[in-house]
Every structure is written in C-alpha cells, then in structure tokens.
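Taking it in order: structure first as structure tokens, then the write-up.
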Amino acid sequence: NGIWVYSDDSSTASLDIKYSSIINGAYHALSYSGNATGNIINCNFINNDFGIKVFDTSTLNITNCNFINNISLGLGMIGELTNIDLNYSNFWNNGDNILENCPGWGSIWTPWEYQEECTGLLEDNPLFIDSNNSNYQYSENSPCIDSGNPDLLDPDNTISDIGAIFYNQSTECTLSGDINNDNVINILDVVETVNAILFVDEQNLECSDMNEDGIVNIIDIINIINIILDI
C-alpha cells in the first residue's frame, strides 16, 4: 500500500526521504497524517494510486520530485491546515495532477491552484530511458535535467535535476568504479553499472569497465563490490 507516516502529540514521527523511487503502490506511495513532518527531495513517485497523500496538519517540504502516471492523483491534500512547501517538481500523466480536498472527508475534490510561492513546477514527459522496465535514467533531452533547485548541485557539479537519478553530464572518469562521479564508491555505483549492462548505457564506460577489457559485465560489478567491501 505504500509508506504511511502518522504522528500525534504522544507519538511523534518524521520521515525524510531522498534519491528514491516508489512505484506501484496500490493506495499511495507516501502518506503523512496527524502532525507528521518530512522532507522529500529528489524522488520519483510512479504508477501508484496517489503519489503523495497528505492529511490533517502534516508539514512537508517537497522539492526536485517526479509525480508520474499515478492513477488518481499526483499529490492529494486533505485538510485546510496541511502545510506543503512544493517546488521544482514535475507532474506528468497523473489522473488529475494536483488536487486538494478541503476541508476534509466528504468534501468535493477541487483543482489545486499553484501557490505564488511555488517555484519551478513542470508538467512534462520526463523522458525516462525505459520506464516500462523500471529504468528511470533520463534521455539526453529530458526537460528534468538541470530543472531542479538551482541552490542544489548534482554530483557532476551541474544544477540539480528533478528526480531520483541525476543525468551525469561529466565525461571524465576521475575514480575508477565511481560511475556517478560523486567521489564515493558505493551501492549507487553498482546500480549504475547494472543499468549500463541491462540498458546499454555507455555514458560511464570508462569508469564501469573495471578490468579494462572493453566490456561492462558481471566481472566489473564484482570488482566494484570488492572495492566497497575492501576485499
């Protein structure tokens, strides 16, 4: 059903989430209720019923996120006192994009108008490489590239992208195995290498080809894992 965060005066709860894709939730990807709080940055919410559903007096900061192909709503607000700071996000092909139900259950769903303080909202096809096979990397002409919060930078030192997987614009490999050029070799580099194998993405062939045999394959993944485990 997705992730539900609930908080009241006797039981506090807050969830911050970054660089994550939540897909195929039967009810929602994320739901906040009571007085729960959260910061949601650089995430994808794809093929859920609701992308995010917010109740009561919950407070959310949402930035650099994709809301794509959600059946009912991209973002649903239920309650007059919900506090959502929404910026630099993309809504595409959701049932009714952004709606709010005010003041609560039993009221009529009415279109939510973008607040004046909302900045950088898009309604564009993100142009994923292959969303049918859960590859949410971007094609080179994606409108989400460099469309995120300009105060945030991606690991390649360009303006942040919208979404969970940034488009690497650097052509240099400064650290073998550091596929996403963030100067750290970790599980994200393993994921990027798997994507390179499955989807023939040769952007980072120089960094991915650990044994320099001209082919990116399972041996290169093992070599990266060995570096992470310090074997």
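Going by the structure tokens order, chains are called A, B, ..., each with residues numbered from 1, while ligands are numbered from 1 in the order shown.
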
Apply DSSP to the backbone of this structure and, from segment 3-225 of chain A, keep only the residues in strand (DSSP E or B); write these as a PDB file with N, CA and C atoms, in the first residue's frame.
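Contents of out_13.pdb, as written:
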```pdb
ATOM      1  N   ILE A   3       4.005   3.791   1.994  1.00  0.00           N
ATOM      2  CA  ILE A   3       4.551   4.138   3.302  1.00  0.00           C
ATOM      3  C   ILE A   3       3.623   5.148   3.973  1.00  0.00           C
ATOM      4  N   TRP A   4       3.216   4.870   5.205  1.00  0.00           N
ATOM      5  CA  TRP A   4       2.315   5.746   5.955  1.00  0.00           C
ATOM      6  C   TRP A   4       3.054   6.272   7.176  1.00  0.00           C
ATOM      7  N   VAL A   5       3.071   7.596   7.332  1.00  0.00           N
ATOM      8  CA  VAL A   5       3.726   8.243   8.467  1.00  0.00           C
ATOM      9  C   VAL A   5       2.654   8.973   9.268  1.00  0.00           C
ATOM     10  N   TYR A   6       2.481   8.570  10.523  1.00  0.00           N
ATOM     11  CA  TYR A   6       1.463   9.190  11.373  1.00  0.00           C
ATOM     12  C   TYR A   6       2.098   9.701  12.663  1.00  0.00           C
ATOM     13  N   SER A   7       1.697  10.888  13.074  1.00  0.00           N
ATOM     14  CA  SER A   7       2.239  11.469  14.289  1.00  0.00           C
ATOM     15  C   SER A   7       1.140  12.191  15.056  1.00  0.00           C
ATOM     16  N   ASP A   8       1.169  12.069  16.400  1.00  0.00           N
ATOM     17  CA  ASP A   8       0.277  12.876  17.238  1.00  0.00           C
ATOM     18  C   ASP A   8       1.095  13.399  18.421  1.00  0.00           C
ATOM     19  N   SER A  11       2.979  10.606  20.187  1.00  0.00           N
ATOM     20  CA  SER A  11       3.820   9.724  19.385  1.00  0.00           C
ATOM     21  C   SER A  11       4.271  10.482  18.141  1.00  0.00           C
ATOM     22  N   SER A  14       8.546  11.525  11.946  1.00  0.00           N
ATOM     23  CA  SER A  14       9.003  12.327  10.826  1.00  0.00           C
ATOM     24  C   SER A  14       9.776  11.423   9.884  1.00  0.00           C
ATOM     25  N   ILE A  17      13.129  11.599   3.029  1.00  0.00           N
ATOM     26  CA  ILE A  17      13.468  10.593   2.020  1.00  0.00           C
ATOM     27  C   ILE A  17      14.091  11.288   0.815  1.00  0.00           C
ATOM     28  N   LYS A  18      15.206  10.714   0.313  1.00  0.00           N
ATOM     29  CA  LYS A  18      15.926  11.299  -0.815  1.00  0.00           C
ATOM     30  C   LYS A  18      16.352  10.199  -1.787  1.00  0.00           C
ATOM     31  N   TYR A  19      16.460  10.569  -3.053  1.00  0.00           N
ATOM     32  CA  TYR A  19      17.002   9.694  -4.093  1.00  0.00           C
ATOM     33  C   TYR A  19      16.345   8.322  -4.090  1.00  0.00           C
ATOM     34  N   SER A  20      15.022   8.304  -4.040  1.00  0.00           N
ATOM     35  CA  SER A  20      14.287   7.034  -4.006  1.00  0.00           C
ATOM     36  C   SER A  20      13.165   7.056  -5.038  1.00  0.00           C
ATOM     37  N   SER A  21      12.869   5.893  -5.577  1.00  0.00           N
ATOM     38  CA  SER A  21      11.711   5.716  -6.465  1.00  0.00           C
ATOM     39  C   SER A  21      10.734   4.777  -5.779  1.00  0.00           C
ATOM     40  N   ILE A  22       9.497   5.216  -5.630  1.00  0.00           N
ATOM     41  CA  ILE A  22       8.443   4.380  -5.063  1.00  0.00           C
ATOM     42  C   ILE A  22       7.401   4.158  -6.161  1.00  0.00           C
ATOM     43  N   ILE A  23       7.169   2.889  -6.496  1.00  0.00           N
ATOM     44  CA  ILE A  23       6.316   2.571  -7.645  1.00  0.00           C
ATOM     45  C   ILE A  23       5.262   1.532  -7.262  1.00  0.00           C
ATOM     46  N   HIS A  28      -1.092   4.460  -2.082  1.00  0.00           N
ATOM     47  CA  HIS A  28      -0.266   5.644  -2.221  1.00  0.00           C
ATOM     48  C   HIS A  28       1.196   5.225  -2.189  1.00  0.00           C
ATOM     49  N   ALA A  29       2.057   6.146  -2.623  1.00  0.00           N
ATOM     50  CA  ALA A  29       3.489   5.939  -2.402  1.00  0.00           C
ATOM     51  C   ALA A  29       3.849   6.381  -0.990  1.00  0.00           C
ATOM     52  N   LEU A  30       3.455   7.611  -0.640  1.00  0.00           N
ATOM     53  CA  LEU A  30       3.683   8.153   0.690  1.00  0.00           C
ATOM     54  C   LEU A  30       2.404   8.793   1.211  1.00  0.00           C
ATOM     55  N   SER A  31       2.133   8.626   2.493  1.00  0.00           N
ATOM     56  CA  SER A  31       1.009   9.306   3.130  1.00  0.00           C
ATOM     57  C   SER A  31       1.462   9.837   4.486  1.00  0.00           C
ATOM     58  N   TYR A  32       1.197  11.115   4.726  1.00  0.00           N
ATOM     59  CA  TYR A  32       1.506  11.754   6.003  1.00  0.00           C
ATOM     60  C   TYR A  32       0.211  12.206   6.648  1.00  0.00           C
ATOM     61  N   SER A  33       0.042  11.917   7.937  1.00  0.00           N
ATOM     62  CA  SER A  33      -1.182  12.328   8.625  1.00  0.00           C
ATOM     63  C   SER A  33      -0.887  12.687  10.070  1.00  0.00           C
ATOM     64  N   GLY A  34      -1.913  13.209  10.753  1.00  0.00           N
ATOM     65  CA  GLY A  34      -1.697  13.765  12.074  1.00  0.00           C
ATOM     66  C   GLY A  34      -0.864  15.026  11.938  1.00  0.00           C
ATOM     67  N   THR A  37       5.818  15.171   9.857  1.00  0.00           N
ATOM     68  CA  THR A  37       6.613  16.089   9.060  1.00  0.00           C
ATOM     69  C   THR A  37       7.580  15.313   8.179  1.00  0.00           C
ATOM     70  N   GLY A  38       8.062  15.967   7.142  1.00  0.00           N
ATOM     71  CA  GLY A  38       9.036  15.302   6.293  1.00  0.00           C
ATOM     72  C   GLY A  38       9.619  16.208   5.233  1.00  0.00           C
ATOM     73  N   ASN A  39      10.818  15.865   4.785  1.00  0.00           N
ATOM     74  CA  ASN A  39      11.478  16.500   3.650  1.00  0.00           C
ATOM     75  C   ASN A  39      11.634  15.449   2.558  1.00  0.00           C
ATOM     76  N   ILE A  40      11.067  15.724   1.396  1.00  0.00           N
ATOM     77  CA  ILE A  40      11.053  14.755   0.301  1.00  0.00           C
ATOM     78  C   ILE A  40      11.803  15.389  -0.866  1.00  0.00           C
ATOM     79  N   ILE A  41      12.998  14.878  -1.140  1.00  0.00           N
ATOM     80  CA  ILE A  41      13.894  15.525  -2.082  1.00  0.00           C
ATOM     81  C   ILE A  41      14.402  14.512  -3.102  1.00  0.00           C
ATOM     82  N   ASN A  42      14.337  14.887  -4.380  1.00  0.00           N
ATOM     83  CA  ASN A  42      14.846  14.054  -5.476  1.00  0.00           C
ATOM     84  C   ASN A  42      14.292  12.635  -5.427  1.00  0.00           C
ATOM     85  N   CYS A  43      12.978  12.526  -5.503  1.00  0.00           N
ATOM     86  CA  CYS A  43      12.321  11.221  -5.516  1.00  0.00           C
ATOM     87  C   CYS A  43      11.421  11.084  -6.743  1.00  0.00           C
ATOM     88  N   ASN A  44      11.136   9.841  -7.104  1.00  0.00           N
ATOM     89  CA  ASN A  44      10.165   9.522  -8.143  1.00  0.00           C
ATOM     90  C   ASN A  44       8.978   8.802  -7.520  1.00  0.00           C
ATOM     91  N   PHE A  45       7.759   9.225  -7.877  1.00  0.00           N
ATOM     92  CA  PHE A  45       6.538   8.548  -7.452  1.00  0.00           C
ATOM     93  C   PHE A  45       5.790   8.166  -8.730  1.00  0.00           C
ATOM     94  N   ILE A  46       5.801   6.858  -9.023  1.00  0.00           N
ATOM     95  CA  ILE A  46       5.396   6.403 -10.349  1.00  0.00           C
ATOM     96  C   ILE A  46       4.424   5.225 -10.239  1.00  0.00           C
ATOM     97  N   PHE A  50      -2.188   7.165  -5.469  1.00  0.00           N
ATOM     98  CA  PHE A  50      -1.782   8.530  -5.170  1.00  0.00           C
ATOM     99  C   PHE A  50      -0.257   8.568  -5.118  1.00  0.00           C
ATOM    100  N   GLY A  51       0.344   9.647  -5.628  1.00  0.00           N
ATOM    101  CA  GLY A  51       1.770   9.814  -5.413  1.00  0.00           C
ATOM    102  C   GLY A  51       2.031  10.082  -3.942  1.00  0.00           C
ATOM    103  N   ILE A  52       1.571  11.225  -3.455  1.00  0.00           N
ATOM    104  CA  ILE A  52       1.645  11.560  -2.034  1.00  0.00           C
ATOM    105  C   ILE A  52       0.268  12.017  -1.578  1.00  0.00           C
ATOM    106  N   LYS A  53      -0.159  11.528  -0.420  1.00  0.00           N
ATOM    107  CA  LYS A  53      -1.444  11.926   0.156  1.00  0.00           C
ATOM    108  C   LYS A  53      -1.180  12.510   1.535  1.00  0.00           C
ATOM    109  N   VAL A  54      -1.685  13.727   1.770  1.00  0.00           N
ATOM    110  CA  VAL A  54      -1.352  14.461   2.991  1.00  0.00           C
ATOM    111  C   VAL A  54      -2.634  14.828   3.732  1.00  0.00           C
ATOM    112  N   PHE A  55      -2.685  14.490   5.005  1.00  0.00           N
ATOM    113  CA  PHE A  55      -3.859  14.734   5.830  1.00  0.00           C
ATOM    114  C   PHE A  55      -3.542  15.724   6.954  1.00  0.00           C
ATOM    115  N   THR A  59       3.165  18.614   7.784  1.00  0.00           N
ATOM    116  CA  THR A  59       4.007  19.631   7.144  1.00  0.00           C
ATOM    117  C   THR A  59       5.069  18.946   6.300  1.00  0.00           C
ATOM    118  N   LEU A  60       5.099  19.279   4.997  1.00  0.00           N
ATOM    119  CA  LEU A  60       6.042  18.651   4.076  1.00  0.00           C
ATOM    120  C   LEU A  60       6.800  19.683   3.266  1.00  0.00           C
ATOM    121  N   ASN A  61       8.070  19.388   3.040  1.00  0.00           N
ATOM    122  CA  ASN A  61       8.867  20.115   2.058  1.00  0.00           C
ATOM    123  C   ASN A  61       9.135  19.150   0.909  1.00  0.00           C
ATOM    124  N   ILE A  62       8.646  19.488  -0.280  1.00  0.00           N
ATOM    125  CA  ILE A  62       8.806  18.624  -1.453  1.00  0.00           C
ATOM    126  C   ILE A  62       9.576  19.401  -2.518  1.00  0.00           C
ATOM    127  N   THR A  63      10.712  18.873  -2.944  1.00  0.00           N
ATOM    128  CA  THR A  63      11.476  19.543  -3.986  1.00  0.00           C
ATOM    129  C   THR A  63      12.184  18.522  -4.870  1.00  0.00           C
ATOM    130  N   ASN A  66       9.550  13.828  -9.098  1.00  0.00           N
ATOM    131  CA  ASN A  66       8.683  13.459 -10.217  1.00  0.00           C
ATOM    132  C   ASN A  66       7.419  12.776  -9.713  1.00  0.00           C
ATOM    133  N   PHE A  67       6.262  13.183 -10.231  1.00  0.00           N
ATOM    134  CA  PHE A  67       4.993  12.515  -9.974  1.00  0.00           C
ATOM    135  C   PHE A  67       4.461  12.067 -11.339  1.00  0.00           C
ATOM    136  N   ILE A  68       4.603  10.774 -11.638  1.00  0.00           N
ATOM    137  CA  ILE A  68       4.386  10.288 -12.991  1.00  0.00           C
ATOM    138  C   ILE A  68       3.407   9.116 -13.009  1.00  0.00           C
ATOM    139  N   LEU A  73      -4.213  10.668  -8.296  1.00  0.00           N
ATOM    140  CA  LEU A  73      -3.630  11.990  -8.124  1.00  0.00           C
ATOM    141  C   LEU A  73      -2.114  11.921  -8.050  1.00  0.00           C
ATOM    142  N   GLY A  74      -1.480  12.991  -8.470  1.00  0.00           N
ATOM    143  CA  GLY A  74      -0.062  13.123  -8.181  1.00  0.00           C
ATOM    144  C   GLY A  74       0.134  13.454  -6.716  1.00  0.00           C
ATOM    145  N   LEU A  75      -0.552  14.500  -6.260  1.00  0.00           N
ATOM    146  CA  LEU A  75      -0.456  14.946  -4.870  1.00  0.00           C
ATOM    147  C   LEU A  75      -1.847  15.290  -4.381  1.00  0.00           C
ATOM    148  N   GLY A  76      -2.301  14.616  -3.327  1.00  0.00           N
ATOM    149  CA  GLY A  76      -3.624  14.868  -2.764  1.00  0.00           C
ATOM    150  C   GLY A  76      -3.512  15.485  -1.387  1.00  0.00           C
ATOM    151  N   MET A  77      -4.214  16.586  -1.169  1.00  0.00           N
ATOM    152  CA  MET A  77      -4.205  17.273   0.118  1.00  0.00           C
ATOM    153  C   MET A  77      -5.590  17.185   0.725  1.00  0.00           C
ATOM    154  N   ILE A  78      -5.664  16.682   1.959  1.00  0.00           N
ATOM    155  CA  ILE A  78      -6.945  16.557   2.638  1.00  0.00           C
ATOM    156  C   ILE A  78      -6.861  17.321   3.955  1.00  0.00           C
ATOM    157  N   ASN A  83       0.306  21.774   5.465  1.00  0.00           N
ATOM    158  CA  ASN A  83       1.305  22.778   5.103  1.00  0.00           C
ATOM    159  C   ASN A  83       2.323  22.130   4.165  1.00  0.00           C
ATOM    160  N   ILE A  84       2.227  22.455   2.870  1.00  0.00           N
ATOM    161  CA  ILE A  84       3.115  21.842   1.881  1.00  0.00           C
ATOM    162  C   ILE A  84       3.917  22.920   1.173  1.00  0.00           C
ATOM    163  N   ASP A  85       5.231  22.789   1.237  1.00  0.00           N
ATOM    164  CA  ASP A  85       6.144  23.663   0.504  1.00  0.00           C
ATOM    165  C   ASP A  85       6.608  22.872  -0.715  1.00  0.00           C
ATOM    166  N   LEU A  86       6.042  23.177  -1.868  1.00  0.00           N
ATOM    167  CA  LEU A  86       6.257  22.393  -3.088  1.00  0.00           C
ATOM    168  C   LEU A  86       6.990  23.239  -4.123  1.00  0.00           C
ATOM    169  N   ASN A  87       8.151  22.754  -4.561  1.00  0.00           N
ATOM    170  CA  ASN A  87       8.942  23.494  -5.550  1.00  0.00           C
ATOM    171  C   ASN A  87       9.724  22.533  -6.443  1.00  0.00           C
ATOM    172  N   ASN A  90       7.941  17.866 -11.006  1.00  0.00           N
ATOM    173  CA  ASN A  90       7.322  17.608 -12.302  1.00  0.00           C
ATOM    174  C   ASN A  90       6.118  16.684 -12.154  1.00  0.00           C
ATOM    175  N   PHE A  91       4.989  17.075 -12.738  1.00  0.00           N
ATOM    176  CA  PHE A  91       3.760  16.285 -12.706  1.00  0.00           C
ATOM    177  C   PHE A  91       3.379  15.931 -14.141  1.00  0.00           C
ATOM    178  N   TRP A  92       3.282  14.605 -14.410  1.00  0.00           N
ATOM    179  CA  TRP A  92       3.004  14.194 -15.787  1.00  0.00           C
ATOM    180  C   TRP A  92       2.079  12.982 -15.821  1.00  0.00           C
ATOM    181  N   ILE A  98      -2.585  17.683  -9.592  1.00  0.00           N
ATOM    182  CA  ILE A  98      -2.591  18.063  -8.191  1.00  0.00           C
ATOM    183  C   ILE A  98      -3.995  18.492  -7.818  1.00  0.00           C
ATOM    184  N   LEU A  99      -4.548  17.875  -6.765  1.00  0.00           N
ATOM    185  CA  LEU A  99      -5.875  18.262  -6.300  1.00  0.00           C
ATOM    186  C   LEU A  99      -5.854  18.413  -4.793  1.00  0.00           C
ATOM    187  N   GLU A 100      -6.797  19.153  -4.257  1.00  0.00           N
ATOM    188  CA  GLU A 100      -6.941  19.183  -2.813  1.00  0.00           C
ATOM    189  C   GLU A 100      -8.400  18.978  -2.436  1.00  0.00           C
ATOM    190  N   ASN A 101      -8.611  18.343  -1.305  1.00  0.00           N
ATOM    191  CA  ASN A 101      -9.955  18.123  -0.783  1.00  0.00           C
ATOM    192  C   ASN A 101     -10.049  18.921   0.515  1.00  0.00           C
ATOM    193  N   TRP A 109     -13.631  17.061  -4.305  1.00  0.00           N
ATOM    194  CA  TRP A 109     -12.274  17.294  -4.809  1.00  0.00           C
ATOM    195  C   TRP A 109     -12.309  18.480  -5.767  1.00  0.00           C
ATOM    196  N   THR A 110     -11.471  19.448  -5.541  1.00  0.00           N
ATOM    197  CA  THR A 110     -11.417  20.627  -6.403  1.00  0.00           C
ATOM    198  C   THR A 110      -9.976  20.868  -6.833  1.00  0.00           C
ATOM    199  N   PRO A 111      -9.781  21.429  -8.033  1.00  0.00           N
ATOM    200  CA  PRO A 111      -8.410  21.650  -8.510  1.00  0.00           C
ATOM    201  C   PRO A 111      -7.609  22.520  -7.556  1.00  0.00           C
ATOM    202  N   LEU A 122       6.869  21.782 -13.227  1.00  0.00           N
ATOM    203  CA  LEU A 122       6.734  21.378 -14.625  1.00  0.00           C
ATOM    204  C   LEU A 122       5.565  20.428 -14.788  1.00  0.00           C
ATOM    205  N   PHE A 128      12.061   9.234 -19.527  1.00  0.00           N
ATOM    206  CA  PHE A 128      12.893   8.166 -18.977  1.00  0.00           C
ATOM    207  C   PHE A 128      13.401   7.282 -20.117  1.00  0.00           C
ATOM    208  N   ILE A 129      14.521   6.644 -19.910  1.00  0.00           N
ATOM    209  CA  ILE A 129      15.067   5.763 -20.940  1.00  0.00           C
ATOM    210  C   ILE A 129      14.145   4.581 -21.207  1.00  0.00           C
ATOM    211  N   ASP A 130      13.650   3.926 -20.146  1.00  0.00           N
ATOM    212  CA  ASP A 130      12.774   2.765 -20.326  1.00  0.00           C
ATOM    213  C   ASP A 130      11.961   2.546 -19.059  1.00  0.00           C
ATOM    214  N   ASN A 135      13.678   1.541 -15.695  1.00  0.00           N
ATOM    215  CA  ASN A 135      14.908   2.309 -15.857  1.00  0.00           C
ATOM    216  C   ASN A 135      14.530   3.782 -15.890  1.00  0.00           C
ATOM    217  N   TYR A 136      14.742   4.467 -14.769  1.00  0.00           N
ATOM    218  CA  TYR A 136      14.324   5.855 -14.647  1.00  0.00           C
ATOM    219  C   TYR A 136      15.468   6.834 -14.851  1.00  0.00           C
ATOM    220  N   GLN A 137      16.507   6.384 -15.563  1.00  0.00           N
ATOM    221  CA  GLN A 137      17.508   7.323 -16.033  1.00  0.00           C
ATOM    222  C   GLN A 137      16.905   8.156 -17.163  1.00  0.00           C
ATOM    223  N   TYR A 138      17.477   9.333 -17.392  1.00  0.00           N
ATOM    224  CA  TYR A 138      16.918  10.261 -18.383  1.00  0.00           C
ATOM    225  C   TYR A 138      17.565  10.122 -19.751  1.00  0.00           C
ATOM    226  N   LEU A 153      23.306  21.218  -6.076  1.00  0.00           N
ATOM    227  CA  LEU A 153      24.099  20.736  -7.198  1.00  0.00           C
ATOM    228  C   LEU A 153      24.103  19.218  -7.228  1.00  0.00           C
ATOM    229  N   ILE A 159      23.536  22.137 -12.088  1.00  0.00           N
ATOM    230  CA  ILE A 159      22.302  22.414 -11.354  1.00  0.00           C
ATOM    231  C   ILE A 159      21.542  21.105 -11.154  1.00  0.00           C
TER     232      ILE A 159
END
```

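Put simply, atom CA of Asp49 of chain A is 7.7 Å away from atom CA of Asn24 of chain A.
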
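Atom CA of Thr57 of chain A is found 20.4 Å from atom CA of Tyr27 of chain A.
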
### Task
Go through segment 7-230 of chain A and collect every residue that DSSP, computed from the backbone, puts in alpha helix (DSSP H); the answer should be as a ChimeraX atom specification.
/A:187-199,205-208,218-229

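Separating atom CA of Asp209 of chain A from atom CA of Asn223 of chain A is a distance of 9.5 Å.
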
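Within the 9 Å cut-off around Glu192 of chain A, using only C-alpha atoms and omitting residues fewer than 4 positions from it on the same chain, the listed residues are Ile179, Asn180, Ile187, Leu188, Ala196, Ile197, Asn204 and Ser208 of chain A.
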